[in-house]
$ cat protein39.tsv   # TSV, C-alpha atoms
chain	number	residue	atom	x	y	z
A	2	MET	CA	0.00	0.00	0.00
A	3	ARG	CA	1.36	3.42	-0.90
A	4	ARG	CA	0.43	6.47	1.10
A	5	PHE	CA	0.76	10.17	0.48
A	6	SER	CA	0.63	12.49	3.43
A	7	VAL	CA	1.32	16.09	4.29
A	8	PRO	CA	2.67	16.05	7.85
A	9	ARG	CA	1.96	18.92	10.16
A	10	ALA	CA	4.82	21.33	10.76
A	11	ARG	CA	6.95	20.30	13.70
A	12	PRO	CA	9.43	22.21	15.81
A	13	SER	CA	12.89	22.45	14.28
A	14	SER	CA	15.30	19.74	15.39
A	15	PRO	CA	17.93	20.80	17.93
A	16	ARG	CA	20.42	19.08	15.64
A	17	ALA	CA	19.53	21.47	12.82
A	18	ALA	CA	20.27	24.45	15.05
A	19	LEU	CA	23.54	22.90	16.15
A	20	GLY	CA	24.62	22.08	12.61
A	21	VAL	CA	25.95	25.53	11.77
A	22	ALA	CA	27.67	25.89	15.10
A	23	GLY	CA	29.24	22.49	14.63
A	24	ALA	CA	30.73	23.59	11.35
A	25	LEU	CA	32.29	26.63	13.01
A	26	VAL	CA	33.59	24.99	16.16
A	27	ALA	CA	34.19	21.43	14.99
A	28	GLY	CA	37.13	21.05	17.30
A	29	LEU	CA	35.00	21.80	20.34
A	30	VAL	CA	32.21	19.29	19.79
A	31	ALA	CA	32.17	15.52	19.89
A	32	CYS	CA	32.26	14.05	16.39
A	33	SER	CA	33.56	11.03	14.51
A	34	VAL	CA	36.84	10.92	12.67
A	35	PRO	CA	37.31	9.15	9.34
A	36	TYR	CA	37.63	5.40	9.03
A	37	GLY	CA	35.06	4.10	11.40
A	38	ASP	CA	35.53	5.35	14.94
A	39	ASP	CA	32.30	4.89	16.87
A	40	LYS	CA	30.10	7.86	17.70
A	41	ASP	CA	27.30	8.02	20.27
A	42	GLN	CA	24.56	10.31	19.02
A	43	ALA	CA	21.57	11.79	20.74
A	44	GLY	CA	18.53	10.97	18.61
A	45	ARG	CA	17.45	13.76	16.30
A	46	ALA	CA	13.75	14.55	16.07
A	47	SER	CA	12.32	12.60	13.13
A	48	GLY	CA	9.98	13.99	10.52
A	49	SER	CA	9.75	17.16	8.49
A	50	ALA	CA	7.14	19.62	7.31
A	51	THR	CA	7.59	18.67	3.65
A	52	PRO	CA	5.11	16.43	1.78
A	53	THR	CA	6.26	12.83	1.68
A	54	GLY	CA	5.52	9.68	-0.28
A	55	ARG	CA	5.38	6.83	2.20
A	56	VAL	CA	5.69	3.11	1.66
A	57	ALA	CA	3.75	1.27	4.32
A	58	ALA	CA	5.55	-1.19	6.61
A	59	ALA	CA	4.34	-4.56	7.81
A	60	ALA	CA	6.20	-4.66	11.10
A	61	ASP	CA	5.51	-2.73	14.29
A	62	ALA	CA	8.78	-1.84	15.97
A	63	SER	CA	7.04	-1.24	19.29
A	64	THR	CA	6.38	-4.97	19.63
A	65	ALA	CA	9.86	-6.07	18.61
A	66	ALA	CA	11.56	-8.74	20.67
A	67	THR	CA	15.23	-8.30	21.54
A	68	ARG	CA	17.73	-10.62	19.89
A	69	PRO	CA	21.52	-10.74	19.67
A	70	ALA	CA	23.11	-7.98	17.60
A	71	GLY	CA	23.80	-9.07	14.05
A	72	ALA	CA	21.43	-12.03	14.25
A	73	GLY	CA	19.52	-12.98	11.17
A	74	ALA	CA	22.21	-12.89	8.47
A	75	GLY	CA	21.05	-15.15	5.69
A	76	GLN	CA	17.75	-15.73	7.47
A	77	ASP	CA	14.61	-16.95	5.73
A	78	GLY	CA	11.25	-15.23	6.11
A	79	PRO	CA	10.50	-11.71	7.25
A	80	ARG	CA	12.97	-9.69	9.28
A	81	ARG	CA	11.66	-8.79	12.73
A	82	PRO	CA	12.50	-5.36	14.14
A	83	THR	CA	14.76	-5.25	17.17
A	84	GLY	CA	15.73	-2.40	19.45
A	85	THR	CA	14.76	1.25	19.15
A	86	PRO	CA	13.79	2.47	15.66
A	87	VAL	CA	16.25	4.86	13.99
A	88	THR	CA	15.52	7.22	11.09
A	89	ILE	CA	18.19	7.36	8.39
A	90	ALA	CA	18.16	9.93	5.57
A	91	PHE	CA	19.97	9.51	2.25
A	92	GLY	CA	20.89	12.14	-0.33
A	93	GLY	CA	22.36	11.55	-3.77
A	94	ASP	CA	25.24	13.16	-5.63
A	95	ILE	CA	26.83	16.32	-4.23
A	96	HIS	CA	29.49	18.49	-5.83
A	97	PHE	CA	30.38	22.15	-5.51
A	98	ALA	CA	31.06	23.16	-9.11
A	99	GLY	CA	29.21	25.96	-10.89
A	100	SER	CA	26.25	27.36	-8.97
A	101	PRO	CA	26.77	25.05	-5.97
A	102	GLY	CA	30.32	26.37	-5.76
A	103	ALA	CA	29.05	29.92	-5.66
A	104	ARG	CA	26.67	28.95	-2.85
A	105	LEU	CA	29.56	27.37	-0.95
A	106	ALA	CA	31.74	30.45	-1.37
A	107	ALA	CA	28.93	32.73	-0.22
A	108	ASP	CA	28.08	30.78	2.93
A	109	PRO	CA	29.00	27.15	3.69
A	110	ALA	CA	26.31	27.06	6.40
A	111	THR	CA	23.53	27.40	3.80
A	112	ALA	CA	25.19	25.85	0.73
A	113	ILE	CA	23.06	22.68	0.81
A	114	GLY	CA	19.84	24.67	0.85
A	115	PRO	CA	16.43	24.11	2.47
A	116	MET	CA	16.51	20.29	2.28
A	117	ALA	CA	19.04	20.48	5.10
A	118	ALA	CA	16.06	20.57	7.47
A	119	THR	CA	14.97	17.11	6.29
A	120	LEU	CA	18.49	15.73	6.66
A	121	SER	CA	18.97	17.24	10.12
A	122	ALA	CA	15.63	15.86	11.30
A	123	ALA	CA	16.83	12.27	10.81
A	124	ASP	CA	18.90	10.41	13.39
A	125	LEU	CA	21.60	9.75	10.78
A	126	ALA	CA	22.15	11.29	7.33
A	127	ILE	CA	24.38	9.93	4.55
A	128	ALA	CA	25.22	11.20	1.04
A	129	ASN	CA	27.65	10.84	-1.86
A	130	LEU	CA	30.34	13.51	-2.16
A	131	GLU	CA	31.18	13.49	-5.87
A	132	THR	CA	34.26	15.69	-5.92
A	133	ALA	CA	37.84	15.81	-4.80
A	134	VAL	CA	38.33	18.16	-1.86
A	135	THR	CA	41.51	19.95	-2.83
A	136	THR	CA	42.89	23.21	-4.13
A	137	GLY	CA	45.84	21.46	-5.80
A	138	GLY	CA	46.58	18.36	-7.78
A	139	THR	CA	46.46	17.74	-11.52
A	140	PRO	CA	43.10	17.22	-13.26
A	141	ALA	CA	42.55	13.73	-14.63
A	142	PRO	CA	42.40	13.33	-18.43
A	143	LYS	CA	38.60	13.20	-18.62
A	144	GLU	CA	35.73	15.42	-19.77
A	145	TYR	CA	34.46	16.49	-16.35
A	146	THR	CA	36.57	17.04	-13.25
A	147	PHE	CA	35.22	18.37	-9.96
A	148	ARG	CA	37.00	19.79	-6.95
A	149	ALA	CA	35.98	21.81	-3.91
A	150	PRO	CA	37.75	23.62	-1.08
A	151	PRO	CA	37.86	22.13	2.44
A	152	THR	CA	34.88	24.30	3.44
A	153	ALA	CA	32.82	21.60	1.69
A	154	PHE	CA	33.04	19.61	4.92
A	155	ASP	CA	31.68	22.58	6.86
A	156	ALA	CA	28.73	22.73	4.48
A	157	LEU	CA	28.00	19.03	4.86
A	158	ARG	CA	28.09	19.21	8.64
A	159	ALA	CA	25.96	22.35	8.72
A	160	ALA	CA	23.32	20.53	6.65
A	161	GLY	CA	23.16	17.65	9.12
A	162	ILE	CA	24.94	15.12	6.89
A	163	ASP	CA	26.89	12.83	9.20
A	164	VAL	CA	29.04	10.87	6.76
A	165	VAL	CA	29.74	10.82	3.02
A	166	THR	CA	31.12	8.25	0.64
A	167	MET	CA	33.77	9.43	-1.79
A	168	ALA	CA	33.88	6.16	-3.72
A	169	ASN	CA	32.77	7.45	-7.11
A	170	ASN	CA	34.10	8.38	-10.54
A	171	HIS	CA	35.09	11.87	-9.35
A	172	GLY	CA	36.71	11.04	-6.01
A	173	MET	CA	40.21	11.15	-7.55
A	174	ASP	CA	39.63	13.77	-10.23
A	175	TYR	CA	42.79	15.57	-9.07
A	176	GLY	CA	44.98	12.54	-8.73
A	177	LEU	CA	46.90	11.19	-5.79
A	178	GLU	CA	47.59	14.67	-4.44
A	179	GLY	CA	43.88	15.43	-4.55
A	180	LEU	CA	43.08	12.19	-2.74
A	181	ARG	CA	45.53	12.93	0.05
A	182	ASP	CA	44.27	16.51	0.31
A	183	SER	CA	40.73	15.13	0.64
A	184	LEU	CA	41.79	12.83	3.45
A	185	ARG	CA	43.74	15.59	5.22
A	186	GLY	CA	40.82	17.96	4.90
A	187	ALA	CA	38.38	15.42	6.31
A	188	SER	CA	40.72	14.67	9.19
A	189	ALA	CA	41.26	18.35	9.97
A	190	ALA	CA	37.49	18.89	9.97
A	191	HIS	CA	36.91	15.74	12.03
A	192	TYR	CA	34.50	14.71	9.29
A	193	PRO	CA	34.05	11.02	8.41
A	194	VAL	CA	34.47	9.85	4.83
A	195	ILE	CA	34.25	6.30	3.53
A	196	GLY	CA	35.10	4.49	0.30
A	197	ILE	CA	38.52	6.15	-0.05
A	198	GLY	CA	41.83	5.63	1.70
A	199	GLU	CA	45.58	5.20	1.71
A	200	ASP	CA	45.07	1.51	0.95
A	201	ASP	CA	42.23	-0.93	0.28
A	202	THR	CA	41.85	-1.87	3.94
A	203	ARG	CA	41.07	1.71	4.88
A	204	ALA	CA	38.98	2.36	1.76
A	205	PHE	CA	36.71	-0.57	2.63
A	206	THR	CA	36.60	0.18	6.37
A	207	PRO	CA	33.05	1.05	7.42
A	208	TYR	CA	31.91	4.11	9.27
A	209	ARG	CA	30.52	2.90	12.59
A	210	THR	CA	28.24	4.83	14.90
A	211	THR	CA	25.79	4.10	17.70
A	212	VAL	CA	22.40	5.82	17.54
A	213	LYS	CA	19.72	5.21	20.17
A	214	GLY	CA	21.57	2.07	21.20
A	215	GLN	CA	21.63	0.72	17.62
A	216	ARG	CA	25.07	0.00	16.19
A	217	ILE	CA	25.17	1.03	12.53
A	218	ALA	CA	27.92	0.33	9.98
A	219	VAL	CA	28.14	2.02	6.56
A	220	VAL	CA	30.32	0.73	3.69
A	221	GLY	CA	30.98	2.76	0.52
A	222	ALA	CA	32.20	1.49	-2.87
A	223	THR	CA	31.92	2.29	-6.58
A	224	GLN	CA	30.96	0.19	-9.58
A	225	VAL	CA	31.68	3.17	-11.85
A	226	LEU	CA	35.27	3.94	-12.85
A	227	ASP	CA	36.53	5.21	-16.20
A	228	ASP	CA	38.22	2.32	-17.98
A	229	GLU	CA	41.49	4.17	-18.56
A	230	LEU	CA	41.62	5.30	-14.91
A	231	ALA	CA	40.27	2.25	-13.08
A	232	ALA	CA	43.63	0.62	-12.35
A	233	ALA	CA	45.17	3.84	-11.03
A	234	TRP	CA	42.12	4.77	-8.97
A	235	THR	CA	41.42	1.38	-7.35
A	236	ALA	CA	42.78	1.03	-3.82
A	237	GLY	CA	45.00	-1.95	-3.13
A	238	PRO	CA	47.53	-3.21	-0.60
A	239	HIS	CA	49.84	-0.25	0.14
A	240	LYS	CA	48.11	1.63	-2.72
A	241	PRO	CA	45.87	4.69	-2.20
A	242	GLY	CA	42.57	4.82	-4.03
A	243	LEU	CA	38.88	4.06	-3.96
A	244	ALA	CA	36.94	1.01	-2.77
A	245	SER	CA	35.94	-0.69	-6.01
A	246	ALA	CA	32.68	-2.63	-6.20
A	247	LYS	CA	34.09	-4.21	-9.34
A	248	GLN	CA	36.08	-6.32	-6.88
A	249	VAL	CA	32.95	-8.17	-5.85
A	250	ASP	CA	34.66	-10.65	-3.54
A	251	ARG	CA	36.46	-7.81	-1.74
A	252	LEU	CA	33.23	-5.86	-1.30
A	253	VAL	CA	31.34	-8.91	-0.05
A	254	ALA	CA	34.11	-9.58	2.46
A	255	ALA	CA	33.92	-5.96	3.66
A	256	VAL	CA	30.17	-6.23	4.17
A	257	ARG	CA	30.59	-9.51	6.02
A	258	ALA	CA	33.19	-7.89	8.28
A	259	ALA	CA	30.93	-4.88	8.87
A	260	ARG	CA	28.15	-7.26	9.94
A	261	SER	CA	30.21	-8.25	12.96
A	262	GLY	CA	29.31	-5.99	15.85
A	263	ALA	CA	26.58	-4.13	13.95
A	264	ASP	CA	22.82	-4.16	14.31
A	265	THR	CA	22.30	-2.51	10.91
A	266	VAL	CA	24.60	-2.65	7.87
A	267	ILE	CA	24.26	-0.12	5.04
A	268	VAL	CA	26.04	-0.28	1.68
A	269	PHE	CA	26.20	2.96	-0.32
A	270	LEU	CA	27.26	2.34	-3.93
A	271	HIS	CA	28.07	4.44	-6.97
A	272	TRP	CA	26.42	2.42	-9.73
A	273	GLY	CA	24.11	2.35	-12.72
A	274	THR	CA	24.15	3.89	-16.18
A	275	GLU	CA	23.87	7.64	-16.71
A	276	GLN	CA	20.36	8.82	-17.68
A	277	GLN	CA	18.93	5.27	-17.42
A	278	GLN	CA	16.05	4.99	-14.93
A	279	CYS	CA	15.97	1.19	-14.69
A	280	PRO	CA	18.69	-0.79	-12.90
A	281	THR	CA	21.26	-2.67	-14.95
A	282	ASP	CA	21.82	-6.41	-14.68
A	283	THR	CA	25.11	-5.62	-12.94
A	284	GLN	CA	23.29	-3.65	-10.25
A	285	ARG	CA	20.57	-6.25	-9.76
A	286	SER	CA	23.00	-9.18	-9.58
A	287	LEU	CA	25.02	-7.53	-6.81
A	288	VAL	CA	22.10	-7.09	-4.38
A	289	PRO	CA	21.60	-10.77	-3.41
A	290	LEU	CA	25.34	-11.17	-2.83
A	291	LEU	CA	25.36	-8.20	-0.46
A	292	ALA	CA	22.20	-9.45	1.26
A	293	ALA	CA	23.79	-12.85	1.84
A	294	ALA	CA	26.88	-11.14	3.26
A	295	GLY	CA	24.74	-9.28	5.81
A	296	ALA	CA	23.60	-6.00	4.23
A	297	ASP	CA	20.26	-4.60	5.41
A	298	VAL	CA	20.14	-1.48	3.21
A	299	VAL	CA	21.69	-1.05	-0.25
A	300	VAL	CA	21.40	2.42	-1.82
A	301	GLY	CA	23.29	4.32	-4.46
A	302	SER	CA	23.54	7.02	-7.07
A	303	HIS	CA	25.41	8.00	-10.26
A	304	ALA	CA	22.84	8.01	-13.09
A	305	HIS	CA	21.93	11.72	-12.51
A	306	VAL	CA	18.28	10.65	-12.64
A	307	LEU	CA	16.10	8.89	-10.10
A	308	LEU	CA	15.66	5.11	-10.08
A	309	GLY	CA	13.19	3.03	-8.11
A	310	GLY	CA	13.42	1.76	-4.55
A	311	GLY	CA	11.72	-0.91	-2.45
A	312	TRP	CA	12.17	-4.20	-0.64
A	313	ALA	CA	13.90	-7.21	-2.14
A	314	ASP	CA	12.67	-10.73	-1.37
A	315	SER	CA	15.48	-11.03	1.18
A	316	GLY	CA	14.02	-8.13	3.16
A	317	VAL	CA	16.89	-5.83	2.20
A	318	TYR	CA	15.75	-2.33	1.27
A	319	VAL	CA	17.26	-1.22	-2.06
A	320	ASP	CA	17.26	2.16	-3.79
A	321	TYR	CA	18.89	1.90	-7.20
A	322	GLY	CA	19.29	5.63	-7.78
A	323	LEU	CA	19.01	8.67	-5.51
A	324	GLY	CA	19.74	11.08	-8.36
A	325	ASN	CA	21.46	14.45	-8.08
A	326	PHE	CA	21.27	16.35	-4.80
A	327	VAL	CA	23.57	19.39	-4.83
A	328	PHE	CA	24.50	19.71	-8.47
A	329	TYR	CA	24.74	22.31	-11.21
A	330	SER	CA	21.70	20.92	-13.05
A	331	SER	CA	19.03	23.43	-14.06
A	332	GLY	CA	15.56	23.51	-15.59
A	333	ASN	CA	12.72	21.05	-15.07
A	334	GLY	CA	14.21	17.96	-16.69
A	335	PRO	CA	14.88	14.59	-15.03
A	336	ASN	CA	18.38	15.66	-13.97
A	337	THR	CA	16.87	18.18	-11.54
A	338	ALA	CA	14.47	15.67	-9.96
A	339	SER	CA	15.79	15.17	-6.44
A	340	GLY	CA	14.80	14.32	-2.91
A	341	VAL	CA	15.68	12.57	0.31
A	342	LEU	CA	15.06	8.91	1.04
A	343	ARG	CA	14.13	8.46	4.70
A	344	LEU	CA	14.11	4.96	6.17
A	345	THR	CA	13.01	3.76	9.58
A	346	VAL	CA	15.26	0.91	10.65
A	347	ALA	CA	15.07	-1.30	13.72
A	348	GLY	CA	18.03	-3.67	13.73
A	349	ARG	CA	17.93	-5.70	10.53
A	350	ALA	CA	14.40	-4.65	9.61
A	351	VAL	CA	13.56	-1.61	7.49
A	352	THR	CA	10.04	-0.95	8.69
A	353	ASP	CA	9.15	2.19	6.72
A	354	ALA	CA	10.38	4.11	3.67
A	355	THR	CA	9.55	7.71	2.82
A	356	TRP	CA	10.49	9.72	-0.25
A	357	VAL	CA	10.64	13.49	0.30
A	358	PRO	CA	10.56	14.99	-3.21
A	359	ALA	CA	12.55	18.03	-4.29
A	360	ARG	CA	13.65	19.92	-7.39
A	361	ILE	CA	17.15	21.36	-7.87
A	362	VAL	CA	17.06	25.14	-8.25
A	363	GLY	CA	20.21	27.24	-8.24
A	364	GLY	CA	22.32	24.16	-7.58
A	365	ALA	CA	20.48	23.06	-4.42
A	366	PRO	CA	17.38	20.90	-3.85
A	367	ARG	CA	14.17	22.62	-2.78
A	368	PRO	CA	11.28	20.63	-1.28
A	369	LEU	CA	8.18	20.32	-3.44
A	370	THR	CA	4.69	21.00	-2.14
A	371	GLY	CA	1.10	20.62	-3.29
A	372	ALA	CA	0.37	19.28	-6.78
A	373	ALA	CA	4.04	19.34	-7.78
A	374	ALA	CA	4.89	17.07	-4.84
A	375	GLY	CA	2.05	14.70	-5.67
A	376	GLN	CA	3.15	14.44	-9.28
A	377	ALA	CA	6.77	13.82	-8.27
A	378	LEU	CA	5.74	11.12	-5.82
A	379	GLY	CA	3.65	9.36	-8.42
A	380	GLY	CA	6.62	9.35	-10.77
A	381	TRP	CA	8.92	8.03	-8.06
A	382	ASN	CA	6.58	5.17	-7.21
A	383	ALA	CA	6.24	4.30	-10.91
A	384	LEU	CA	10.02	3.81	-11.16
A	385	ARG	CA	9.69	0.71	-8.97
A	386	GLY	CA	8.02	-1.13	-11.84
A	387	CYS	CA	11.28	-2.18	-13.54
A	388	THR	CA	13.24	-3.00	-10.38
A	389	GLY	CA	11.74	-6.28	-9.17
A	390	LEU	CA	11.31	-4.65	-5.75
A	391	SER	CA	8.19	-4.50	-3.60
A	392	ASP	CA	6.48	-1.51	-1.99
A	393	THR	CA	6.13	-3.45	1.28
A	394	PRO	CA	8.54	-5.68	3.24
A	395	PRO	CA	8.25	-9.48	2.91
A	396	ARG	CA	5.63	-10.89	5.28
$ encode --input "protein39.tsv" --output "structure tokens"
Amino acid sequence: MRRFSVPRARPSSPRAALGVAGALVAGLVACSVPYGDDKDQAGRASGSATPTGRVAAAADASTAATRPAGAGAGQDGPRRPTGTPVTIAFGGDIHFAGSPGARLAADPATAIGPMAATLSAADLAIANLETAVTTGGTPAPKEYTFRAPPTAFDALRAAGIDVVTMANNHGMDYGLEGLRDSLRGASAAHYPVIGIGEDDTRAFTPYRTTVKGQRIAVVGATQVLDDELAAAWTAGPHKPGLASAKQVDRLVAAVRAARSGADTVIVFLHWGTEQQQCPTDTQRSLVPLLAAAGADVVVGSHAHVLLGGGWADSGVYVDYGLGNFVFYSSGNGPNTASGVLRLTVAGRAVTDATWVPARIVGGAPRPLTGAAAGQALGGWNALRGCTGLSDTPPR
């Protein structure tokens, strides 16, 4: 059953108010550092005042029975919620070139735009940072190269985004120097990044955090690498680079390792074919392997358009394409269709999924309302038709 609702306006989250201050005084507040150090978070108030497209859930987290953390890997039948529900928000591709770069230069605290309220309202927010964070380096021999100054991390934090993956086809646009600048900038800002590192072990290391008593692990990797750059950009033993999802066995092993000591495992991938709104066979074939390894949520971006989302037969929630989020797209075409995916997760069970629709204007997503929101939600639900996913969890 699909539902459309217009929630009543709620008080702003304390986390949203703290976001800007956190960007300015990062050294004075408790925050995670890159490469998976745990973080205890106070729960952020869930919900937003924007219209949402909701996918109904079968399970009631309030009646969940407690079970050992990580239980249920490879289980048959429906996943039962355990522990306190957590809301997790996902945004798609972010860069700071063109108009987004001008927004960043003007004020990092507002560079992400009004959808920051939706991100900050979740208990945990995750996105894809599709740019090198550097002022140096040499541009790669490719058509498009993106880079941003270190204030990009201030903008992300101010918007309530807790962690980003940099495993994508722009993460090393400015070479090895750009990669190391990105890592230094993240470390200096005490901002966690995943999917990139000084070697493959660190690139595949998950971000780990504890929210409302739930231990969450997030792994980032990319299926998309330019053929002529893939070897140079892929992390390896004693070799800096990106976590490559083309190394399926390595990715599966990373997910299996993340499963240990986690209540919820999330895999954020860069995948798909540009401008194609149905998942490829390569995307679809990877999902059951990740589910068997212990993933509970598999989401991703890259196509610059939205793809469908829903539950796989295994109970894993999959979103094949989150689209652009902060990007220099303009107009009313599919490249400006945007939004935030908000999941409610209780242990291994995703009990509810909400799409908060937006349109990119001036390089930043703006929430849609009224008839425009209803039309966008209908289009988003229709995208599920070619995915093989369900609008409700397995019963």
$ atom_distance --input "protein39.tsv" --atom1 "CA of Trp356 in chain A" --atom2 "CA of Ile113 in chain A"
18.1 Å
$ atom_distance --input "protein39.tsv" --atom1 "CA of Thr265 in chain A" --atom2 "CA of Leu291 in chain A"
13.1 Å
$ residues_around --input "protein39.tsv" --residues "Gln376 in chain A" --least-positions-apart "6" --cutoff "10 Å" --atoms "only C-alpha atoms" --output "ChimeraX atom specification"
/A:358,369-370
$ closest_residue --input "protein39.tsv" --among "A:Ala149, A:Val327, A:Val319, A:Ala106" --to "Gly179 in chain A" --atoms "only C-alpha atoms"
A:Ala149
$ closest_residue --input "protein39.tsv" --among "A:Asp94, A:Asp227, A:Asp201, A:Asp282" --to "Arg251 in chain A" --atoms "all atoms listed in the file"
A:Asp201
$ residues_around --input "protein39.tsv" --residues "range 338-344 of chain A" --least-positions-apart "5" --cutoff "7 Å" --atoms "all atoms listed in the file" --output "PyMOL selection string"
chain A and resi 88-92+306-307+324-326+351+353-361+366
$ atom_distance --input "protein39.tsv" --atom1 "CA of Thr274 in chain A" --atom2 "CA of Ala304 in chain A"
5.3 Å
$ closest_residue --input "protein39.tsv" --among "A:Gly237, A:Gly198, A:Ala128, A:Asp155" --to "Val219 in chain A" --atoms "all atoms listed in the file"
A:Ala128
$ residues_around --input "protein39.tsv" --residues "Ile217 in chain A" --least-positions-apart "4" --cutoff "10 Å" --atoms "all atoms listed in the file" --output "list in words"
Asp39, Lys40, Val87, Leu125, Pro207, Tyr208, Arg209, Thr210, Thr211, Val212, Ala259, Arg260, Gly262, Ala263, Asp264, Thr265, Val266, Ile267 and Gly348 of chain A
$ write_last_selection --input "protein39.tsv" --atoms "C-alpha atoms" --output "PDB file, in the frame of the given file"
ATOM      1  CA  ASP A  39      32.300   4.890  16.870  1.00  0.00           C
ATOM      2  CA  LYS A  40      30.100   7.860  17.700  1.00  0.00           C
ATOM      3  CA  VAL A  87      16.250   4.860  13.990  1.00  0.00           C
ATOM      4  CA  LEU A 125      21.600   9.750  10.780  1.00  0.00           C
ATOM      5  CA  PRO A 207      33.050   1.050   7.420  1.00  0.00           C
ATOM      6  CA  TYR A 208      31.910   4.110   9.270  1.00  0.00           C
ATOM      7  CA  ARG A 209      30.520   2.900  12.590  1.00  0.00           C
ATOM      8  CA  THR A 210      28.240   4.830  14.900  1.00  0.00           C
ATOM      9  CA  THR A 211      25.790   4.100  17.700  1.00  0.00           C
ATOM     10  CA  VAL A 212      22.400   5.820  17.540  1.00  0.00           C
ATOM     11  CA  ALA A 259      30.930  -4.880   8.870  1.00  0.00           C
ATOM     12  CA  ARG A 260      28.150  -7.260   9.940  1.00  0.00           C
ATOM     13  CA  GLY A 262      29.310  -5.990  15.850  1.00  0.00           C
ATOM     14  CA  ALA A 263      26.580  -4.130  13.950  1.00  0.00           C
ATOM     15  CA  ASP A 264      22.820  -4.160  14.310  1.00  0.00           C
ATOM     16  CA  THR A 265      22.300  -2.510  10.910  1.00  0.00           C
ATOM     17  CA  VAL A 266      24.600  -2.650   7.870  1.00  0.00           C
ATOM     18  CA  ILE A 267      24.260  -0.120   5.040  1.00  0.00           C
ATOM     19  CA  GLY A 348      18.030  -3.670  13.730  1.00  0.00           C
TER      20      GLY A 348
END
